[in-house]
$ cat model_23.cif   # mmCIF, C-alpha atoms and all ligand atoms; chains and numbers go by the auth columns
data_entry
loop_
_atom_site.group_PDB
_atom_site.id
_atom_site.type_symbol
_atom_site.label_atom_id
_atom_site.label_comp_id
_atom_site.label_asym_id
_atom_site.label_seq_id
_atom_site.Cartn_x
_atom_site.Cartn_y
_atom_site.Cartn_z
_atom_site.B_iso_or_equiv
_atom_site.auth_seq_id
_atom_site.auth_asym_id
ATOM 1 C CA MET A 1 4.355 -36.509 22.685 0.00 1 K
ATOM 2 C CA LYS A 2 6.279 -34.563 25.377 0.00 2 K
ATOM 3 C CA LYS A 3 4.641 -31.230 26.309 0.00 3 K
ATOM 4 C CA ASP A 4 7.821 -29.140 25.680 0.00 4 K
ATOM 5 C CA PHE A 5 8.380 -30.786 22.305 0.00 5 K
ATOM 6 C CA LYS A 6 4.776 -30.145 21.315 0.00 6 K
ATOM 7 C CA LYS A 7 5.066 -26.450 22.245 0.00 7 K
ATOM 8 C CA ALA A 8 8.411 -26.025 20.446 0.00 8 K
ATOM 9 C CA PHE A 9 7.000 -27.736 17.343 0.00 9 K
ATOM 10 C CA LYS A 10 3.922 -25.511 17.343 0.00 10 K
ATOM 11 C CA ASN A 11 5.977 -22.306 17.717 0.00 11 K
ATOM 12 C CA LEU A 12 8.374 -23.304 14.938 0.00 12 K
ATOM 13 C CA GLU A 13 5.498 -24.276 12.687 0.00 13 K
ATOM 14 C CA LYS A 14 3.928 -20.864 13.218 0.00 14 K
ATOM 15 C CA TYR A 15 7.286 -19.191 12.480 0.00 15 K
ATOM 16 C CA ARG A 16 7.654 -21.276 9.300 0.00 16 K
ATOM 17 C CA ASN A 17 4.175 -20.241 8.138 0.00 17 K
ATOM 18 C CA GLU A 18 5.019 -16.584 8.686 0.00 18 K
ATOM 19 C CA LEU A 19 8.277 -16.972 6.740 0.00 19 K
ATOM 20 C CA LEU A 20 6.408 -18.693 3.889 0.00 20 K
ATOM 21 C CA ARG A 21 3.882 -15.864 3.830 0.00 21 K
ATOM 22 C CA GLU A 22 6.666 -13.305 3.616 0.00 22 K
ATOM 23 C CA LEU A 23 8.447 -15.307 0.913 0.00 23 K
ATOM 24 C CA ASN A 24 5.233 -15.464 -1.092 0.00 24 K
ATOM 25 C CA SER A 25 4.845 -11.694 -0.752 0.00 25 K
ATOM 26 C CA LEU A 26 8.479 -11.096 -1.782 0.00 26 K
ATOM 27 C CA ASP A 27 7.983 -13.282 -4.888 0.00 27 K
ATOM 28 C CA HIS A 28 4.951 -11.186 -5.771 0.00 28 K
ATOM 29 C CA VAL A 29 6.963 -7.971 -5.351 0.00 29 K
ATOM 30 C CA LEU A 30 9.824 -9.247 -7.527 0.00 30 K
ATOM 31 C CA GLU A 31 7.560 -10.659 -10.224 0.00 31 K
ATOM 32 C CA CYS A 32 5.068 -7.832 -10.602 0.00 32 K
ATOM 33 C CA SER A 33 4.883 -5.082 -7.970 0.00 33 K
ATOM 34 C CA LEU A 34 8.413 -3.686 -7.963 0.00 34 K
ATOM 35 C CA LYS A 35 8.079 -2.171 -11.455 0.00 35 K
ATOM 36 C CA ASN A 36 4.838 -0.444 -10.384 0.00 36 K
ATOM 37 C CA TYR A 37 6.515 0.911 -7.260 0.00 37 K
ATOM 38 C CA ASP A 38 9.480 2.030 -9.358 0.00 38 K
ATOM 39 C CA PHE A 39 7.096 4.149 -11.415 0.00 39 K
ATOM 40 C CA MET A 40 5.327 5.519 -8.312 0.00 40 K
ATOM 41 C CA ILE A 41 8.515 6.426 -6.402 0.00 41 K
ATOM 42 C CA ASP A 42 10.064 8.097 -9.478 0.00 42 K
ATOM 43 C CA PHE A 43 6.820 10.015 -9.938 0.00 43 K
ATOM 44 C CA ALA A 44 6.805 11.154 -6.272 0.00 44 K
ATOM 45 C CA VAL A 45 10.453 12.284 -6.443 0.00 45 K
ATOM 46 C CA LYS A 46 9.879 14.167 -9.724 0.00 46 K
ATOM 47 C CA LYS A 47 6.871 15.931 -8.201 0.00 47 K
ATOM 48 C CA ASP A 48 9.011 16.968 -5.196 0.00 48 K
ATOM 49 C CA PHE A 49 7.109 15.057 -2.521 0.00 49 K
ATOM 50 C CA HIS A 50 9.221 14.509 0.601 0.00 50 K
ATOM 51 C CA GLU A 51 7.212 11.485 1.733 0.00 51 K
ATOM 52 C CA VAL A 52 5.024 8.666 0.438 0.00 52 K
ATOM 53 C CA VAL A 53 2.470 6.777 2.517 0.00 53 K
ATOM 54 C CA ASP A 54 1.944 3.355 0.973 0.00 54 K
ATOM 55 C CA ILE A 55 -1.480 1.931 1.786 0.00 55 K
ATOM 56 C CA GLY A 56 -1.516 -1.867 1.651 0.00 56 K
ATOM 57 C CA CYS A 57 2.268 -2.063 1.935 0.00 57 K
ATOM 58 C CA ALA A 58 2.331 -5.772 2.938 0.00 58 K
ATOM 59 C CA TYR A 59 5.907 -6.511 4.161 0.00 59 K
ATOM 60 C CA GLY A 60 7.314 -3.331 2.639 0.00 60 K
ATOM 61 C CA HIS A 61 10.049 -4.939 0.493 0.00 61 K
ATOM 62 C CA GLN A 62 9.492 -2.117 -2.002 0.00 62 K
ATOM 63 C CA THR A 63 11.075 0.283 0.507 0.00 63 K
ATOM 64 C CA GLU A 64 14.404 -0.715 -1.101 0.00 64 K
ATOM 65 C CA LEU A 65 13.480 1.740 -3.884 0.00 65 K
ATOM 66 C CA CYS A 66 13.129 4.662 -1.454 0.00 66 K
ATOM 67 C CA ARG A 67 16.464 4.419 0.323 0.00 67 K
ATOM 68 C CA GLY A 68 18.109 7.867 0.349 0.00 68 K
ATOM 69 C CA ARG A 69 15.469 9.279 -1.994 0.00 69 K
ATOM 70 C CA ILE A 70 12.203 9.811 -0.125 0.00 70 K
ATOM 71 C CA ASN A 71 10.593 9.111 3.280 0.00 71 K
ATOM 72 C CA TYR A 72 8.431 5.999 3.299 0.00 72 K
ATOM 73 C CA ILE A 73 5.585 5.097 5.642 0.00 73 K
ATOM 74 C CA GLY A 74 3.631 1.885 5.169 0.00 74 K
ATOM 75 C CA VAL A 75 0.073 1.103 6.258 0.00 75 K
ATOM 76 C CA ASP A 76 -1.304 -2.427 6.310 0.00 76 K
ATOM 77 C CA ARG A 77 -4.097 -4.109 8.222 0.00 77 K
ATOM 78 C CA GLU A 78 -2.515 -7.575 8.190 0.00 78 K
ATOM 79 C CA LEU A 79 1.041 -6.758 9.006 0.00 79 K
ATOM 80 C CA VAL A 80 3.349 -9.291 10.626 0.00 80 K
ATOM 81 C CA ASN A 81 7.033 -8.485 10.046 0.00 81 K
ATOM 82 C CA PHE A 82 7.709 -5.225 8.292 0.00 82 K
ATOM 83 C CA TYR A 83 10.953 -5.184 6.246 0.00 83 K
ATOM 84 C CA ILE A 84 13.061 -2.292 7.541 0.00 84 K
ATOM 85 C CA PRO A 85 16.181 -1.602 5.468 0.00 85 K
ATOM 86 C CA TYR A 86 16.497 1.997 6.752 0.00 86 K
ATOM 87 C CA GLU A 87 14.447 4.603 8.637 0.00 87 K
ATOM 88 C CA CYS A 88 10.945 3.878 7.506 0.00 88 K
ATOM 89 C CA TYR A 89 8.040 2.539 9.476 0.00 89 K
ATOM 90 C CA CYS A 90 4.654 0.944 9.244 0.00 90 K
ATOM 91 C CA LEU A 91 1.258 1.529 10.820 0.00 91 K
ATOM 92 C CA PRO A 92 -0.574 -1.757 11.381 0.00 92 K
ATOM 93 C CA GLU A 93 -4.015 -0.427 10.490 0.00 93 K
ATOM 94 C CA GLY A 94 -6.771 -0.727 7.965 0.00 94 K
ATOM 95 C CA TYR A 95 -7.385 2.410 5.913 0.00 95 K
ATOM 96 C CA PRO A 96 -9.351 4.626 6.398 0.00 96 K
ATOM 97 C CA THR A 97 -8.470 4.687 10.046 0.00 97 K
ATOM 98 C CA ASP A 98 -9.340 6.962 12.926 0.00 98 K
ATOM 99 C CA LYS A 99 -6.394 5.806 15.010 0.00 99 K
ATOM 100 C CA THR A 100 -2.678 6.550 14.435 0.00 100 K
ATOM 101 C CA LEU A 101 -3.033 8.120 11.027 0.00 101 K
ATOM 102 C CA SER A 102 -4.401 11.459 12.137 0.00 102 K
ATOM 103 C CA HIS A 103 -6.177 13.418 9.476 0.00 103 K
ATOM 104 C CA ASN A 104 -3.695 16.286 9.450 0.00 104 K
ATOM 105 C CA GLN A 105 -0.455 14.355 9.801 0.00 105 K
ATOM 106 C CA PHE A 106 0.078 13.700 6.090 0.00 106 K
ATOM 107 C CA LYS A 107 -1.314 16.821 4.476 0.00 107 K
ATOM 108 C CA THR A 108 1.906 17.341 2.516 0.00 108 K
ATOM 109 C CA SER A 109 2.492 13.657 1.644 0.00 109 K
ATOM 110 C CA LEU A 110 1.636 11.606 -1.413 0.00 110 K
ATOM 111 C CA ALA A 111 -0.522 8.520 -0.762 0.00 111 K
ATOM 112 C CA ILE A 112 0.413 5.607 -2.994 0.00 112 K
ATOM 113 C CA SER A 113 -1.338 2.279 -3.310 0.00 113 K
ATOM 114 C CA ASN A 114 -0.695 -0.727 -5.516 0.00 114 K
ATOM 115 C CA LEU A 115 -3.277 -3.518 -5.725 0.00 115 K
ATOM 116 C CA CYS A 116 -5.015 -2.455 -2.523 0.00 116 K
ATOM 117 C CA ILE A 117 -7.110 0.736 -2.249 0.00 117 K
ATOM 118 C CA GLY A 118 -10.159 0.575 -4.522 0.00 118 K
ATOM 119 C CA TRP A 119 -9.636 -2.991 -5.785 0.00 119 K
ATOM 120 C CA ASN A 120 -12.775 -5.065 -6.085 0.00 120 K
ATOM 121 C CA CYS A 121 -11.252 -8.048 -4.246 0.00 121 K
ATOM 122 C CA TYR A 122 -11.293 -5.804 -1.142 0.00 122 K
ATOM 123 C CA VAL A 123 -14.081 -3.258 -1.606 0.00 123 K
ATOM 124 C CA ASP A 124 -17.289 -2.746 -3.566 0.00 124 K
ATOM 125 C CA GLU A 125 -18.041 0.568 -5.307 0.00 125 K
ATOM 126 C CA LYS A 126 -19.563 2.140 -2.195 0.00 126 K
ATOM 127 C CA GLU A 127 -16.565 1.271 -0.020 0.00 127 K
ATOM 128 C CA ALA A 128 -14.133 2.336 -2.755 0.00 128 K
ATOM 129 C CA LYS A 129 -15.799 5.762 -2.771 0.00 129 K
ATOM 130 C CA LYS A 130 -15.349 5.987 1.009 0.00 130 K
ATOM 131 C CA GLN A 131 -11.655 5.137 0.659 0.00 131 K
ATOM 132 C CA PHE A 132 -11.177 7.793 -2.063 0.00 132 K
ATOM 133 C CA LYS A 133 -12.952 10.407 0.074 0.00 133 K
ATOM 134 C CA ALA A 134 -10.633 9.619 2.981 0.00 134 K
ATOM 135 C CA LEU A 135 -7.572 9.947 0.715 0.00 135 K
ATOM 136 C CA LYS A 136 -8.811 13.341 -0.451 0.00 136 K
ATOM 137 C CA ARG A 137 -9.200 14.396 3.207 0.00 137 K
ATOM 138 C CA ASP A 138 -5.858 13.036 4.474 0.00 138 K
ATOM 139 C CA PHE A 139 -3.253 13.642 1.744 0.00 139 K
ATOM 140 C CA LYS A 140 -2.027 16.340 -0.572 0.00 140 K
ATOM 141 C CA ALA A 141 -2.481 13.960 -3.510 0.00 141 K
ATOM 142 C CA SER A 142 -2.755 10.240 -4.292 0.00 142 K
ATOM 143 C CA LEU A 143 -1.188 8.017 -6.920 0.00 143 K
ATOM 144 C CA LEU A 144 -3.196 4.813 -7.249 0.00 144 K
ATOM 145 C CA TYR A 145 -2.810 1.747 -9.404 0.00 145 K
ATOM 146 C CA LEU A 146 -6.432 0.831 -10.037 0.00 146 K
ATOM 147 C CA PRO A 147 -8.752 -1.153 -12.299 0.00 147 K
ATOM 148 C CA LYS A 148 -9.931 1.253 -15.013 0.00 148 K
ATOM 149 C CA ASP A 149 -13.590 0.731 -14.136 0.00 149 K
ATOM 150 C CA ARG A 150 -12.943 2.694 -10.916 0.00 150 K
ATOM 151 C CA GLU A 151 -12.105 5.850 -12.872 0.00 151 K
ATOM 152 C CA ASN A 152 -15.709 7.123 -12.834 0.00 152 K
ATOM 153 C CA ILE A 153 -15.818 6.890 -9.003 0.00 153 K
ATOM 154 C CA LEU A 154 -12.496 8.722 -8.720 0.00 154 K
ATOM 155 C CA LYS A 155 -13.914 11.520 -10.854 0.00 155 K
ATOM 156 C CA LYS A 156 -16.907 11.874 -8.530 0.00 156 K
ATOM 157 C CA VAL A 157 -14.579 12.396 -5.535 0.00 157 K
ATOM 158 C CA PHE A 158 -11.498 14.280 -6.770 0.00 158 K
ATOM 159 C CA LYS A 159 -11.506 17.534 -8.679 0.00 159 K
ATOM 160 C CA ASN A 160 -8.447 16.484 -10.690 0.00 160 K
ATOM 161 C CA VAL A 161 -7.922 12.934 -11.935 0.00 161 K
ATOM 162 C CA GLU A 162 -5.028 12.341 -14.339 0.00 162 K
ATOM 163 C CA LYS A 163 -4.389 8.945 -15.908 0.00 163 K
ATOM 164 C CA VAL A 164 -0.595 9.173 -15.814 0.00 164 K
ATOM 165 C CA LYS A 165 0.177 5.686 -17.119 0.00 165 K
ATOM 166 C CA ASP A 166 -1.989 3.192 -18.931 0.00 166 K
ATOM 167 C CA ASP A 167 -0.499 -0.063 -17.827 0.00 167 K
ATOM 168 C CA SER A 168 -2.591 -2.893 -19.234 0.00 168 K
ATOM 169 C CA GLU A 169 -6.126 -3.780 -20.311 0.00 169 K
ATOM 170 C CA ILE A 170 -7.112 -3.934 -16.656 0.00 170 K
ATOM 171 C CA GLY A 171 -5.170 -1.327 -14.711 0.00 171 K
ATOM 172 C CA ALA A 172 -3.828 2.204 -14.895 0.00 172 K
ATOM 173 C CA PHE A 173 -2.097 4.719 -12.628 0.00 173 K
ATOM 174 C CA TYR A 174 -4.213 7.661 -11.549 0.00 174 K
ATOM 175 C CA TYR A 175 -2.856 10.844 -9.991 0.00 175 K
ATOM 176 C CA CYS A 176 -5.657 12.477 -8.023 0.00 176 K
ATOM 177 C CA TYR A 177 -5.858 15.730 -6.059 0.00 177 K
HETATM 178 C C1 LIG B . -2.371 -7.727 -2.965 0.00 201 R
HETATM 179 S S1 LIG B . -1.499 -7.111 -1.566 0.00 201 R
HETATM 180 C C2 LIG B . -0.469 -5.910 -2.352 0.00 201 R
HETATM 181 C C3 LIG B . 0.749 -5.609 -1.520 0.00 201 R
HETATM 182 C C4 LIG B . 1.668 -4.524 -2.122 0.00 201 R
HETATM 183 N N1 LIG B . 0.977 -3.263 -2.249 0.00 201 R
HETATM 184 C C5 LIG B . 2.195 -4.968 -3.454 0.00 201 R
HETATM 185 O O1 LIG B . 1.754 -4.442 -4.477 0.00 201 R
HETATM 186 O O2 LIG B . 3.084 -5.848 -3.479 0.00 201 R
HETATM 187 C C6 LIG B . -2.698 -6.090 -0.727 0.00 201 R
HETATM 188 C C7 LIG B . -2.320 -5.691 0.684 0.00 201 R
HETATM 189 O O3 LIG B . -3.235 -4.682 1.095 0.00 201 R
HETATM 190 C C8 LIG B . -3.638 -4.901 2.445 0.00 201 R
HETATM 191 N N2 LIG B . -4.940 -4.222 2.589 0.00 201 R
HETATM 192 C C9 LIG B . -6.090 -4.474 1.929 0.00 201 R
HETATM 193 N N3 LIG B . -7.030 -3.570 2.237 0.00 201 R
HETATM 194 C C10 LIG B . -6.467 -2.713 3.135 0.00 201 R
HETATM 195 C C11 LIG B . -6.922 -1.552 3.822 0.00 201 R
HETATM 196 N N4 LIG B . -8.167 -1.093 3.682 0.00 201 R
HETATM 197 N N5 LIG B . -6.069 -0.911 4.651 0.00 201 R
HETATM 198 C C12 LIG B . -4.801 -1.360 4.819 0.00 201 R
HETATM 199 N N6 LIG B . -4.304 -2.454 4.192 0.00 201 R
HETATM 200 C C13 LIG B . -5.120 -3.123 3.356 0.00 201 R
HETATM 201 C C14 LIG B . -3.631 -6.418 2.593 0.00 201 R
HETATM 202 O O4 LIG B . -3.466 -6.784 3.949 0.00 201 R
HETATM 203 C C15 LIG B . -2.428 -6.799 1.719 0.00 201 R
HETATM 204 O O5 LIG B . -1.239 -6.842 2.473 0.00 201 R
#
$ encode --input "model_23.cif" --output "structure tokens"
Amino acid sequence: MKKDFKKAFKNLEKYRNELLRELNSLDHVLECSLKNYDFMIDFAVKKDFHEVVDIGCAYGHQTELCRGRINYIGVDRELVNFYIPYECYCLPEGYPTDKTLSHNQFKTSLAISNLCIGWNCYVDEKEAKKQFKALKRDFKASLLYLPKDRENILKKVFKNVEKVKDDSEIGAFYYCY
């Protein structure tokens, strides 16, 4: 095989894989995440937050819900191509982080997280507690979609933990501050 052809093929294959990954993520958003984000963004607007910081934002397709309503900042440790429909941006970092997300930068913002922070596919109980402690340090409040068996850890970290929506047998939305 010619060297140039081989290189072109490899680059296009990589591009195709990235597109497939994004498509997979978009399917996931349309099929299950968008309704959760709809609840979280409405909640943030009703509570008068000017900004949400979405931890584990993936490609950020859910930013479509924020347009003209609230500032949106995404954080994700595996980010490739962030979807940017308007002025919002993404920090390519794992949370908690000691890098870009300085500990005082978001003191008036609401942290939101859907299927990321605290989930047992990513962290055990000890690590979940560390994540919750960092949220308490970095944000005014957090709204997390979590498995209900994490509620006891939340209560050890935050003074106030409100279950604001009981979504299913597995998960619920917790507002913590
Ligand atoms: C299951 S996806 C959910 C994506 C999006 N929140 C949604 O509901 O459609 C979880 C995302 O969280 C990211 N993630 C997991 N742990 C993280 C961490 N500690 N800090 C930042 N991103 C994280 C993964 O890279 C992945 O993109």
$ resolve_selection --input "model_23.cif" --expression "the PyMOL selection byres (((not hetatm)) within 7 of (chain R and resi 201))" --output "ChimeraX atom specification"
/K:25,28-29,33,55-58,75-79,93-96,113-117,122
$ write_last_selection --input "model_23.cif" --atoms "C-alpha atoms" --output "PDB file, keeping the file's coordinate frame"
ATOM      1  CA  SER K  25       4.845 -11.694  -0.752  1.00  0.00           C
ATOM      2  CA  HIS K  28       4.951 -11.186  -5.771  1.00  0.00           C
ATOM      3  CA  VAL K  29       6.963  -7.971  -5.351  1.00  0.00           C
ATOM      4  CA  SER K  33       4.883  -5.082  -7.970  1.00  0.00           C
ATOM      5  CA  ILE K  55      -1.480   1.931   1.786  1.00  0.00           C
ATOM      6  CA  GLY K  56      -1.516  -1.867   1.651  1.00  0.00           C
ATOM      7  CA  CYS K  57       2.268  -2.063   1.935  1.00  0.00           C
ATOM      8  CA  ALA K  58       2.331  -5.772   2.938  1.00  0.00           C
ATOM      9  CA  VAL K  75       0.073   1.103   6.258  1.00  0.00           C
ATOM     10  CA  ASP K  76      -1.304  -2.427   6.310  1.00  0.00           C
ATOM     11  CA  ARG K  77      -4.097  -4.109   8.222  1.00  0.00           C
ATOM     12  CA  GLU K  78      -2.515  -7.575   8.190  1.00  0.00           C
ATOM     13  CA  LEU K  79       1.041  -6.758   9.006  1.00  0.00           C
ATOM     14  CA  GLU K  93      -4.015  -0.427  10.490  1.00  0.00           C
ATOM     15  CA  GLY K  94      -6.771  -0.727   7.965  1.00  0.00           C
ATOM     16  CA  TYR K  95      -7.385   2.410   5.913  1.00  0.00           C
ATOM     17  CA  PRO K  96      -9.351   4.626   6.398  1.00  0.00           C
ATOM     18  CA  SER K 113      -1.338   2.279  -3.310  1.00  0.00           C
ATOM     19  CA  ASN K 114      -0.695  -0.727  -5.516  1.00  0.00           C
ATOM     20  CA  LEU K 115      -3.277  -3.518  -5.725  1.00  0.00           C
ATOM     21  CA  CYS K 116      -5.015  -2.455  -2.523  1.00  0.00           C
ATOM     22  CA  ILE K 117      -7.110   0.736  -2.249  1.00  0.00           C
ATOM     23  CA  TYR K 122     -11.293  -5.804  -1.142  1.00  0.00           C
TER      24      TYR K 122
END
$ closest_residue --input "model_23.cif" --among "K:Lys35, K:Arg67, K:Lys46, K:Lys140" --to "Ile84 of chain K" --atoms "all atoms listed in the file"
K:Arg67
$ resolve_selection --input "model_23.cif" --expression "the PyMOL selection byres (((chain K and resi 153) around 12) and not hetatm)" --output "list of chain:residue names"
K:Gly118, K:Asp124, K:Glu125, K:Lys126, K:Glu127, K:Ala128, K:Lys129, K:Lys130, K:Gln131, K:Phe132, K:Lys133, K:Leu146, K:Pro147, K:Lys148, K:Asp149, K:Arg150, K:Glu151, K:Asn152, K:Leu154, K:Lys155, K:Lys156, K:Val157, K:Phe158, K:Lys159, K:Val161, K:Tyr174, K:Cys176
$ write_last_selection --input "model_23.cif" --atoms "C-alpha atoms" --output "short mmCIF file (atom, residue, chain, number, x, y, z; two decimals), keeping the file's coordinate frame"
data_model
loop_
_atom_site.label_atom_id
_atom_site.label_comp_id
_atom_site.auth_asym_id
_atom_site.auth_seq_id
_atom_site.Cartn_x
_atom_site.Cartn_y
_atom_site.Cartn_z
CA GLY K 118 -10.16 0.57 -4.52
CA ASP K 124 -17.29 -2.75 -3.57
CA GLU K 125 -18.04 0.57 -5.31
CA LYS K 126 -19.56 2.14 -2.19
CA GLU K 127 -16.57 1.27 -0.02
CA ALA K 128 -14.13 2.34 -2.76
CA LYS K 129 -15.80 5.76 -2.77
CA LYS K 130 -15.35 5.99 1.01
CA GLN K 131 -11.66 5.14 0.66
CA PHE K 132 -11.18 7.79 -2.06
CA LYS K 133 -12.95 10.41 0.07
CA LEU K 146 -6.43 0.83 -10.04
CA PRO K 147 -8.75 -1.15 -12.30
CA LYS K 148 -9.93 1.25 -15.01
CA ASP K 149 -13.59 0.73 -14.14
CA ARG K 150 -12.94 2.69 -10.92
CA GLU K 151 -12.10 5.85 -12.87
CA ASN K 152 -15.71 7.12 -12.83
CA LEU K 154 -12.50 8.72 -8.72
CA LYS K 155 -13.91 11.52 -10.85
CA LYS K 156 -16.91 11.87 -8.53
CA VAL K 157 -14.58 12.40 -5.54
CA PHE K 158 -11.50 14.28 -6.77
CA LYS K 159 -11.51 17.53 -8.68
CA VAL K 161 -7.92 12.93 -11.94
CA TYR K 174 -4.21 7.66 -11.55
CA CYS K 176 -5.66 12.48 -8.02
#
$ closest_residue --input "model_23.cif" --among "K:Trp119, K:Asn104, K:Lys14, K:Ser109" --to "Arg137 of chain K" --atoms "all atoms listed in the file"
K:Asn104
$ closest_residue --input "model_23.cif" --among "K:Ile70, K:Ala8, K:Ile112, K:Leu91" --to "Phe49 of chain K" --atoms "all atoms listed in the file"
K:Ile70
$ residues_near_point --input "model_23.cif" --point "(5.5, 11.6, -7.6)" --cutoff "10 Å" --atoms "only C-alpha atoms" --output "list of chain:residue names"
K:Phe39, K:Met40, K:Ile41, K:Asp42, K:Phe43, K:Ala44, K:Val45, K:Lys46, K:Lys47, K:Asp48, K:Phe49, K:His50, K:Glu51, K:Val52, K:Ser109, K:Leu110, K:Ala111, K:Ile112, K:Ala141, K:Ser142, K:Leu143, K:Tyr175
$ closest_residue --input "model_23.cif" --among "K:Ile73, K:Ile170, K:Leu30, K:Leu20" --to "Val53 of chain K" --atoms "all atoms listed in the file"
K:Ile73
$ atom_distance --input "model_23.cif" --atom1 "atom CA of Lys107 of chain K" --atom2 "atom CA of Phe139 of chain K"
4.6 Å
$ closest_residue --input "model_23.cif" --among "K:Phe173, K:Phe82, K:Asn160, K:Leu135" --to "Glu18 of chain K" --atoms "only C-alpha atoms"
K:Phe82
